[in-house]
Amino acid sequence: IDAATSATFMGEHYVHGYISHHFSGQPQAQLKLVARARQFSSFLVVVGRILAHDRLDPTYAILLENKDELNIPLDLETIPTPAEFRDAIEALSPEQQRFAKAIRAMQLESTLFAICIIQIKPQLERLLRLPSDSLTKEIQLTQDLMELFIKYQVPSDLVTSCGQSEPGPEPEAALQLVKGHVEALQQMIAGAREKELKEQAEVYVNHRMERQAECVRDVSFEYDRYVWDQRAIGAGSVGGGVSTGLERFGET
C-alpha cells in the first residue's frame, strides 16, 4: 500500500459534534482518543481528515488486539471567526492581508477529523476466500493467521483456500484447506527455529570449549613457570650454602 493506492470502505457512518465552552483565563478541556480491544478480538484504527463527502485522507493507523488499549491526547486549536480574522488583519498591508487569507484558507481546508474502524476477521475471510462468518468461532485459527501475517510476514497466497481464477470449494472444505496450510507453515517455522537454536547452541559450545582450552594453556604455563622458579630458588640456596662453607674453611 502506497500513496497511489485507493481503498473503498463500506459500512455505517456517524457524525459527531462537540462544542467547547470555556471562560477567559481557563484552559480548554483535554480530549483523548481512547480505543480498547477485547480478548480474542482485533481491529484497525485509522485516523485522518475528511477531504470530501466520500473521501478520507488517512494519516496514521494502528492495530489493536487482545486487550490492547490506545490512549492518545488530542491537541485542538481554535480557528478565529471571520469577524475576528477581519479585525486582526485590518491594519496590515494588502500583501500581508493576501498572505494571511491564504494561510487561513489552508487552515479551513479539511479540518474535519475522521476515525475509521476496520474489523480484521471479515477482511481475513475475504482475503482467504472463505465464506462470511467462517472465522467467528475459529479463535485459534485466527490467532495463528495473525501471527503468520504480522510476525513472520507470510504472503497471503500461501494460506488461501483457492486461487483468484479458481472456483471456490465448499465452505467446510475451504476452512479445512486453510487450516492445513497454516499447520504446514507452523511446522516449517518450528523446524527452522529448532535448526537455528541448534546452530546457536553449537556456536556457544565451541566458544566455551575454546575459552576452556585457553584457560588450560594459561594454567599449564603458570605451572611450568612456578616449577622453574622453585628450581631456580633451590639452586640458588644450595650455591649460597657451598660458598659460605668455603669461606668458613678458608678462615680456619
# chains A, B, ... in the order shown; residues from 1 in each chain; ligands from 1
$ closest_atom_pairs --of "region 32-100 of chain A" --to "region 114-125 of chain A" --cutoff "7 Å" --atoms "only C-alpha atoms" --output "CSV"
residue,atom,partner,partner_atom,distance
A:Ser42,CA,A:Ile120,CA,5.9
A:Phe43,CA,A:Gln119,CA,4.5
A:Leu44,CA,A:Ile118,CA,4.9
A:Val45,CA,A:Ile117,CA,5.0
A:Val46,CA,A:Cys116,CA,5.0
A:Val47,CA,A:Ile115,CA,4.6
A:Gly48,CA,A:Ala114,CA,5.3
A:Arg49,CA,A:Ala114,CA,5.3
A:Ile50,CA,A:Ala114,CA,6.1
$ write_last_selection --atoms "N, CA and C atoms" --output "mmCIF file, in the first residue's frame"
data_model
loop_
_atom_site.group_PDB
_atom_site.id
_atom_site.type_symbol
_atom_site.label_atom_id
_atom_site.label_comp_id
_atom_site.auth_asym_id
_atom_site.auth_seq_id
_atom_site.Cartn_x
_atom_site.Cartn_y
_atom_site.Cartn_z
ATOM 1 N N SER A 42 -9.798 -8.156 17.313
ATOM 2 C CA SER A 42 -8.791 -7.277 16.717
ATOM 3 C C SER A 42 -9.470 -6.370 15.701
ATOM 4 N N PHE A 43 -8.967 -5.169 15.613
ATOM 5 C CA PHE A 43 -9.460 -4.219 14.626
ATOM 6 C C PHE A 43 -8.381 -3.178 14.355
ATOM 7 N N LEU A 44 -8.535 -2.484 13.267
ATOM 8 C CA LEU A 44 -7.582 -1.480 12.819
ATOM 9 C C LEU A 44 -8.205 -0.097 12.995
ATOM 10 N N VAL A 45 -7.482 0.792 13.657
ATOM 11 C CA VAL A 45 -7.923 2.165 13.876
ATOM 12 C C VAL A 45 -7.155 3.071 12.911
ATOM 13 N N VAL A 46 -7.891 3.754 12.042
ATOM 14 C CA VAL A 46 -7.299 4.665 11.060
ATOM 15 C C VAL A 46 -7.813 6.067 11.360
ATOM 16 N N VAL A 47 -6.903 7.012 11.506
ATOM 17 C CA VAL A 47 -7.274 8.404 11.752
ATOM 18 C C VAL A 47 -6.764 9.265 10.602
ATOM 19 N N GLY A 48 -7.512 10.295 10.284
ATOM 20 C CA GLY A 48 -7.139 11.178 9.185
ATOM 21 C C GLY A 48 -8.109 12.342 9.069
ATOM 22 N N ARG A 49 -8.208 12.872 7.862
ATOM 23 C CA ARG A 49 -9.078 14.016 7.599
ATOM 24 C C ARG A 49 -10.073 13.669 6.495
ATOM 25 N N ILE A 50 -11.207 14.317 6.542
ATOM 26 C CA ILE A 50 -12.227 14.142 5.506
ATOM 27 C C ILE A 50 -11.991 15.190 4.428
#
$ residues_around --residues "region 150-156 of chain A" --least-positions-apart "3" --cutoff "12 Å" --atoms "only C-alpha atoms" --output "list in words"
Leu63, Glu65, Gln123, Leu124, Glu125, Arg126, Leu127, Leu128, Arg129, Gln143, Asp144, Leu145, Met146, Glu147, Val159, Thr160, Ser161, Cys162, Gly163, Gln164, Val178, His181, Val182, Leu185, Gln186, Met188, Ile189, Ala190 and Arg193 of chain A
$ write_last_selection --atoms "C-alpha atoms" --output "PDB file, in the first residue's frame"
ATOM      1  CA  LEU A  63      -3.695  -2.471  15.029  1.00  0.00           C
ATOM      2  CA  GLU A  65      -5.843  -6.884  19.524  1.00  0.00           C
ATOM      3  CA  GLN A 123     -11.148  -8.836   5.928  1.00  0.00           C
ATOM      4  CA  LEU A 124      -9.305 -12.103   6.639  1.00  0.00           C
ATOM      5  CA  GLU A 125     -12.271 -14.106   5.366  1.00  0.00           C
ATOM      6  CA  ARG A 126     -12.355 -12.103   2.166  1.00  0.00           C
ATOM      7  CA  LEU A 127      -8.570 -12.300   1.757  1.00  0.00           C
ATOM      8  CA  LEU A 128      -8.510 -16.082   2.247  1.00  0.00           C
ATOM      9  CA  ARG A 129     -11.635 -16.553   0.088  1.00  0.00           C
ATOM     10  CA  GLN A 143      -4.665 -16.079  16.203  1.00  0.00           C
ATOM     11  CA  ASP A 144      -2.378 -18.301  14.120  1.00  0.00           C
ATOM     12  CA  LEU A 145      -3.192 -16.347  10.965  1.00  0.00           C
ATOM     13  CA  MET A 146      -2.483 -13.036  12.682  1.00  0.00           C
ATOM     14  CA  GLU A 147       0.866 -14.360  13.909  1.00  0.00           C
ATOM     15  CA  VAL A 159      -2.738 -19.873   3.088  1.00  0.00           C
ATOM     16  CA  THR A 160      -5.685 -19.073   0.796  1.00  0.00           C
ATOM     17  CA  SER A 161      -8.266 -21.749   0.122  1.00  0.00           C
ATOM     18  CA  CYS A 162      -8.023 -21.290  -3.661  1.00  0.00           C
ATOM     19  CA  GLY A 163      -6.536 -19.040  -6.328  1.00  0.00           C
ATOM     20  CA  GLN A 164      -8.204 -15.966  -7.724  1.00  0.00           C
ATOM     21  CA  VAL A 178      -6.753 -23.023   5.248  1.00  0.00           C
ATOM     22  CA  HIS A 181      -1.866 -24.581   5.062  1.00  0.00           C
ATOM     23  CA  VAL A 182      -1.476 -22.902   8.452  1.00  0.00           C
ATOM     24  CA  LEU A 185       3.653 -23.337   7.731  1.00  0.00           C
ATOM     25  CA  GLN A 186       3.817 -23.664  11.511  1.00  0.00           C
ATOM     26  CA  MET A 188       8.137 -25.402   8.784  1.00  0.00           C
ATOM     27  CA  ILE A 189       8.689 -22.404  11.082  1.00  0.00           C
ATOM     28  CA  ALA A 190       9.145 -24.710  14.100  1.00  0.00           C
ATOM     29  CA  ARG A 193      13.528 -22.311  14.695  1.00  0.00           C
TER      30      ARG A 193
END
$ select_by_dssp --residues "region 25-215 of chain A" --states "helix (DSSP H, G or I)" --output "PyMOL selection string"
chain A and resi 82-88+94-108+120-127+139-150+156-158+171-215
$ residues_around --residues "Arg36 (chain A)" --least-positions-apart "6" --cutoff "10 Å" --atoms "only C-alpha atoms" --output "PyMOL selection string"
chain A and resi 42-43+64-71
$ write_last_selection --atoms "N, CA and C atoms" --output "PDB file, in the first residue's frame"
ATOM      1  N   SER A  42      -9.798  -8.156  17.313  1.00  0.00           N
ATOM      2  CA  SER A  42      -8.791  -7.277  16.717  1.00  0.00           C
ATOM      3  C   SER A  42      -9.470  -6.370  15.701  1.00  0.00           C
ATOM      4  N   PHE A  43      -8.967  -5.169  15.613  1.00  0.00           N
ATOM      5  CA  PHE A  43      -9.460  -4.219  14.626  1.00  0.00           C
ATOM      6  C   PHE A  43      -8.381  -3.178  14.355  1.00  0.00           C
ATOM      7  N   LEU A  64      -5.060  -2.973  16.972  1.00  0.00           N
ATOM      8  CA  LEU A  64      -5.335  -3.306  18.366  1.00  0.00           C
ATOM      9  C   LEU A  64      -5.891  -4.722  18.431  1.00  0.00           C
ATOM     10  N   GLU A  65      -5.378  -5.511  19.365  1.00  0.00           N
ATOM     11  CA  GLU A  65      -5.843  -6.884  19.524  1.00  0.00           C
ATOM     12  C   GLU A  65      -5.569  -7.353  20.947  1.00  0.00           C
ATOM     13  N   ASN A  66      -6.432  -8.275  21.422  1.00  0.00           N
ATOM     14  CA  ASN A  66      -6.225  -8.970  22.693  1.00  0.00           C
ATOM     15  C   ASN A  66      -5.968  -8.004  23.852  1.00  0.00           C
ATOM     16  N   LYS A  67      -6.966  -7.217  24.189  1.00  0.00           N
ATOM     17  CA  LYS A  67      -6.949  -6.312  25.336  1.00  0.00           C
ATOM     18  C   LYS A  67      -5.958  -5.161  25.182  1.00  0.00           C
ATOM     19  N   ASP A  68      -5.566  -4.830  23.976  1.00  0.00           N
ATOM     20  CA  ASP A  68      -4.750  -3.629  23.767  1.00  0.00           C
ATOM     21  C   ASP A  68      -5.593  -2.388  24.031  1.00  0.00           C
ATOM     22  N   GLU A  69      -4.951  -1.341  24.501  1.00  0.00           N
ATOM     23  CA  GLU A  69      -5.644  -0.081  24.781  1.00  0.00           C
ATOM     24  C   GLU A  69      -4.860   1.070  24.183  1.00  0.00           C
ATOM     25  N   LEU A  70      -5.567   1.939  23.497  1.00  0.00           N
ATOM     26  CA  LEU A  70      -4.975   3.118  22.874  1.00  0.00           C
ATOM     27  C   LEU A  70      -5.507   4.355  23.573  1.00  0.00           C
ATOM     28  N   ASN A  71      -4.593   5.222  24.004  1.00  0.00           N
ATOM     29  CA  ASN A  71      -4.975   6.441  24.712  1.00  0.00           C
ATOM     30  C   ASN A  71      -4.087   7.575  24.210  1.00  0.00           C
TER      31      ASN A  71
END
$ atom_distance --atom1 "CA of Phe85 (chain A)" --atom2 "CA of Gly17 (chain A)"
23.3 Å
$ closest_residue --among "A:Leu177, A:Ala83, A:Ala201, A:Ala192" --to "Leu158 (chain A)" --atoms "only C-alpha atoms"
A:Leu177
$ atom_distance --atom1 "CA of Thr81 (chain A)" --atom2 "CA of Pro27 (chain A)"
19.1 Å
$ atom_distance --atom1 "CA of Ile72 (chain A)" --atom2 "CA of Lys32 (chain A)"
5.4 Å
$ closest_residue --among "A:Gln200, A:Glu194, A:Val205, A:Pro131" --to "Leu175 (chain A)" --atoms "only C-alpha atoms"
A:Pro131
$ select_by_dssp --residues "region 36-96 of chain A" --states "strand (DSSP E or B)" --output "VMD selection string"
chain A and resid 36 42 to 52 55 to 65 69 to 74
$ write_last_selection --atoms "N, CA, C and O atoms" --output "mmCIF file, in the first residue's frame"
data_model
loop_
_atom_site.group_PDB
_atom_site.id
_atom_site.type_symbol
_atom_site.label_atom_id
_atom_site.label_comp_id
_atom_site.auth_asym_id
_atom_site.auth_seq_id
_atom_site.Cartn_x
_atom_site.Cartn_y
_atom_site.Cartn_z
ATOM 1 N N ARG A 36 -10.190 0.415 22.928
ATOM 2 C CA ARG A 36 -9.830 -0.823 23.627
ATOM 3 C C ARG A 36 -10.299 -2.019 22.805
ATOM 4 O O ARG A 36 -11.370 -1.977 22.198
ATOM 5 N N SER A 42 -9.798 -8.156 17.313
ATOM 6 C CA SER A 42 -8.791 -7.277 16.717
ATOM 7 C C SER A 42 -9.470 -6.370 15.701
ATOM 8 O O SER A 42 -10.426 -6.765 15.033
ATOM 9 N N PHE A 43 -8.967 -5.169 15.613
ATOM 10 C CA PHE A 43 -9.460 -4.219 14.626
ATOM 11 C C PHE A 43 -8.381 -3.178 14.355
ATOM 12 O O PHE A 43 -7.430 -3.014 15.139
ATOM 13 N N LEU A 44 -8.535 -2.484 13.267
ATOM 14 C CA LEU A 44 -7.582 -1.480 12.819
ATOM 15 C C LEU A 44 -8.205 -0.097 12.995
ATOM 16 O O LEU A 44 -9.327 0.139 12.546
ATOM 17 N N VAL A 45 -7.482 0.792 13.657
ATOM 18 C CA VAL A 45 -7.923 2.165 13.876
ATOM 19 C C VAL A 45 -7.155 3.071 12.911
ATOM 20 O O VAL A 45 -5.929 3.127 12.961
ATOM 21 N N VAL A 46 -7.891 3.754 12.042
ATOM 22 C CA VAL A 46 -7.299 4.665 11.060
ATOM 23 C C VAL A 46 -7.813 6.067 11.360
ATOM 24 O O VAL A 46 -9.025 6.278 11.476
ATOM 25 N N VAL A 47 -6.903 7.012 11.506
ATOM 26 C CA VAL A 47 -7.274 8.404 11.752
ATOM 27 C C VAL A 47 -6.764 9.265 10.602
ATOM 28 O O VAL A 47 -5.727 8.982 9.998
ATOM 29 N N GLY A 48 -7.512 10.295 10.284
ATOM 30 C CA GLY A 48 -7.139 11.178 9.185
ATOM 31 C C GLY A 48 -8.109 12.342 9.069
ATOM 32 O O GLY A 48 -8.769 12.736 10.042
ATOM 33 N N ARG A 49 -8.208 12.872 7.862
ATOM 34 C CA ARG A 49 -9.078 14.016 7.599
ATOM 35 C C ARG A 49 -10.073 13.669 6.495
ATOM 36 O O ARG A 49 -9.800 12.831 5.635
ATOM 37 N N ILE A 50 -11.207 14.317 6.542
ATOM 38 C CA ILE A 50 -12.227 14.142 5.506
ATOM 39 C C ILE A 50 -11.991 15.190 4.428
ATOM 40 O O ILE A 50 -12.073 16.404 4.682
ATOM 41 N N LEU A 51 -11.686 14.728 3.209
ATOM 42 C CA LEU A 51 -11.438 15.634 2.093
ATOM 43 C C LEU A 51 -12.729 16.005 1.372
ATOM 44 O O LEU A 51 -12.850 17.109 0.845
ATOM 45 N N ALA A 52 -13.656 15.075 1.319
ATOM 46 C CA ALA A 52 -14.944 15.311 0.661
ATOM 47 C C ALA A 52 -15.973 14.410 1.328
ATOM 48 O O ALA A 52 -15.660 13.686 2.288
ATOM 49 N N ARG A 55 -14.559 10.926 0.629
ATOM 50 C CA ARG A 55 -13.112 10.720 0.584
ATOM 51 C C ARG A 55 -12.505 10.940 1.963
ATOM 52 O O ARG A 55 -12.836 11.901 2.662
ATOM 53 N N LEU A 56 -11.611 10.002 2.345
ATOM 54 C CA LEU A 56 -10.905 10.063 3.617
ATOM 55 C C LEU A 56 -9.403 10.044 3.340
ATOM 56 O O LEU A 56 -8.919 9.190 2.592
ATOM 57 N N ASP A 57 -8.697 10.982 3.944
ATOM 58 C CA ASP A 57 -7.246 11.039 3.803
ATOM 59 C C ASP A 57 -6.624 10.442 5.063
ATOM 60 O O ASP A 57 -6.500 11.127 6.082
ATOM 61 N N PRO A 58 -6.224 9.156 5.059
ATOM 62 C CA PRO A 58 -5.662 8.543 6.270
ATOM 63 C C PRO A 58 -4.262 9.077 6.561
ATOM 64 O O PRO A 58 -3.449 9.255 5.652
ATOM 65 N N THR A 59 -4.019 9.322 7.823
ATOM 66 C CA THR A 59 -2.704 9.821 8.255
ATOM 67 C C THR A 59 -1.953 8.793 9.085
ATOM 68 O O THR A 59 -0.762 8.554 8.853
ATOM 69 N N TYR A 60 -2.629 8.176 10.051
ATOM 70 C CA TYR A 60 -1.995 7.173 10.913
ATOM 71 C C TYR A 60 -2.959 6.000 11.077
ATOM 72 O O TYR A 60 -4.177 6.140 10.920
ATOM 73 N N ALA A 61 -2.374 4.844 11.415
ATOM 74 C CA ALA A 61 -3.171 3.640 11.646
ATOM 75 C C ALA A 61 -2.456 2.768 12.668
ATOM 76 O O ALA A 61 -1.218 2.775 12.749
ATOM 77 N N ILE A 62 -3.218 2.023 13.449
ATOM 78 C CA ILE A 62 -2.662 1.138 14.455
ATOM 79 C C ILE A 62 -3.570 -0.079 14.597
ATOM 80 O O ILE A 62 -4.801 0.033 14.470
ATOM 81 N N LEU A 63 -2.958 -1.221 14.847
ATOM 82 C CA LEU A 63 -3.695 -2.471 15.029
ATOM 83 C C LEU A 63 -3.829 -2.754 16.520
ATOM 84 O O LEU A 63 -2.830 -2.778 17.248
ATOM 85 N N LEU A 64 -5.060 -2.973 16.972
ATOM 86 C CA LEU A 64 -5.335 -3.306 18.366
ATOM 87 C C LEU A 64 -5.891 -4.722 18.431
ATOM 88 O O LEU A 64 -6.781 -5.079 17.653
ATOM 89 N N GLU A 65 -5.378 -5.511 19.365
ATOM 90 C CA GLU A 65 -5.843 -6.884 19.524
ATOM 91 C C GLU A 65 -5.569 -7.353 20.947
ATOM 92 O O GLU A 65 -4.634 -6.898 21.604
ATOM 93 N N GLU A 69 -4.951 -1.341 24.501
ATOM 94 C CA GLU A 69 -5.644 -0.081 24.781
ATOM 95 C C GLU A 69 -4.860 1.070 24.183
ATOM 96 O O GLU A 69 -3.631 1.155 24.342
ATOM 97 N N LEU A 70 -5.567 1.939 23.497
ATOM 98 C CA LEU A 70 -4.975 3.118 22.874
ATOM 99 C C LEU A 70 -5.507 4.355 23.573
ATOM 100 O O LEU A 70 -6.718 4.520 23.735
ATOM 101 N N ASN A 71 -4.593 5.222 24.004
ATOM 102 C CA ASN A 71 -4.975 6.441 24.712
ATOM 103 C C ASN A 71 -4.087 7.575 24.210
ATOM 104 O O ASN A 71 -2.928 7.696 24.618
ATOM 105 N N ILE A 72 -4.624 8.404 23.308
ATOM 106 C CA ILE A 72 -3.853 9.467 22.677
ATOM 107 C C ILE A 72 -4.538 10.802 22.946
ATOM 108 O O ILE A 72 -5.717 10.975 22.622
ATOM 109 N N PRO A 73 -3.832 11.761 23.535
ATOM 110 C CA PRO A 73 -4.437 13.094 23.730
ATOM 111 C C PRO A 73 -4.558 13.823 22.394
ATOM 112 O O PRO A 73 -3.694 13.724 21.521
ATOM 113 N N LEU A 74 -5.646 14.560 22.241
ATOM 114 C CA LEU A 74 -5.908 15.322 21.022
ATOM 115 C C LEU A 74 -5.559 16.790 21.269
ATOM 116 O O LEU A 74 -6.082 17.419 22.191
#
$ residues_around --residues "Glu109 (chain A)" --least-positions-apart "2" --cutoff "12 Å" --atoms "only C-alpha atoms" --output "PDB file with N, CA and C atoms, in the first residue's frame"
ATOM      1  N   ARG A  49      -8.208  12.872   7.862  1.00  0.00           N
ATOM      2  CA  ARG A  49      -9.078  14.016   7.599  1.00  0.00           C
ATOM      3  C   ARG A  49     -10.073  13.669   6.495  1.00  0.00           C
ATOM      4  N   ILE A  50     -11.207  14.317   6.542  1.00  0.00           N
ATOM      5  CA  ILE A  50     -12.227  14.142   5.506  1.00  0.00           C
ATOM      6  C   ILE A  50     -11.991  15.190   4.428  1.00  0.00           C
ATOM      7  N   LEU A  51     -11.686  14.728   3.209  1.00  0.00           N
ATOM      8  CA  LEU A  51     -11.438  15.634   2.093  1.00  0.00           C
ATOM      9  C   LEU A  51     -12.729  16.005   1.372  1.00  0.00           C
ATOM     10  N   ALA A  52     -13.656  15.075   1.319  1.00  0.00           N
ATOM     11  CA  ALA A  52     -14.944  15.311   0.661  1.00  0.00           C
ATOM     12  C   ALA A  52     -15.973  14.410   1.328  1.00  0.00           C
ATOM     13  N   ILE A  79      -9.820  28.042  15.570  1.00  0.00           N
ATOM     14  CA  ILE A  79      -9.635  28.937  14.433  1.00  0.00           C
ATOM     15  C   ILE A  79     -10.496  30.184  14.655  1.00  0.00           C
ATOM     16  N   ALA A 102      -4.499  33.520   2.634  1.00  0.00           N
ATOM     17  CA  ALA A 102      -4.067  32.231   2.085  1.00  0.00           C
ATOM     18  C   ALA A 102      -3.806  31.222   3.205  1.00  0.00           C
ATOM     19  N   ILE A 103      -3.176  31.684   4.292  1.00  0.00           N
ATOM     20  CA  ILE A 103      -2.929  30.797   5.436  1.00  0.00           C
ATOM     21  C   ILE A 103      -4.245  30.346   6.054  1.00  0.00           C
ATOM     22  N   ARG A 104      -5.196  31.260   6.169  1.00  0.00           N
ATOM     23  CA  ARG A 104      -6.495  30.890   6.748  1.00  0.00           C
ATOM     24  C   ARG A 104      -7.218  29.894   5.849  1.00  0.00           C
ATOM     25  N   ALA A 105      -7.128  30.066   4.541  1.00  0.00           N
ATOM     26  CA  ALA A 105      -7.765  29.119   3.629  1.00  0.00           C
ATOM     27  C   ALA A 105      -7.170  27.724   3.782  1.00  0.00           C
ATOM     28  N   MET A 106      -5.843  27.648   3.991  1.00  0.00           N
ATOM     29  CA  MET A 106      -5.209  26.344   4.225  1.00  0.00           C
ATOM     30  C   MET A 106      -5.674  25.739   5.546  1.00  0.00           C
ATOM     31  N   GLN A 107      -5.863  26.582   6.575  1.00  0.00           N
ATOM     32  CA  GLN A 107      -6.339  26.070   7.863  1.00  0.00           C
ATOM     33  C   GLN A 107      -7.771  25.553   7.780  1.00  0.00           C
ATOM     34  N   THR A 111     -10.610  20.377   7.734  1.00  0.00           N
ATOM     35  CA  THR A 111     -10.452  20.450   9.189  1.00  0.00           C
ATOM     36  C   THR A 111     -11.278  19.403   9.926  1.00  0.00           C
ATOM     37  N   LEU A 112     -12.020  18.585   9.215  1.00  0.00           N
ATOM     38  CA  LEU A 112     -12.839  17.562   9.863  1.00  0.00           C
ATOM     39  C   LEU A 112     -11.980  16.342  10.193  1.00  0.00           C
ATOM     40  N   PHE A 113     -11.985  15.973  11.460  1.00  0.00           N
ATOM     41  CA  PHE A 113     -11.209  14.831  11.955  1.00  0.00           C
ATOM     42  C   PHE A 113     -12.036  13.560  11.778  1.00  0.00           C
TER      43      PHE A 113
END
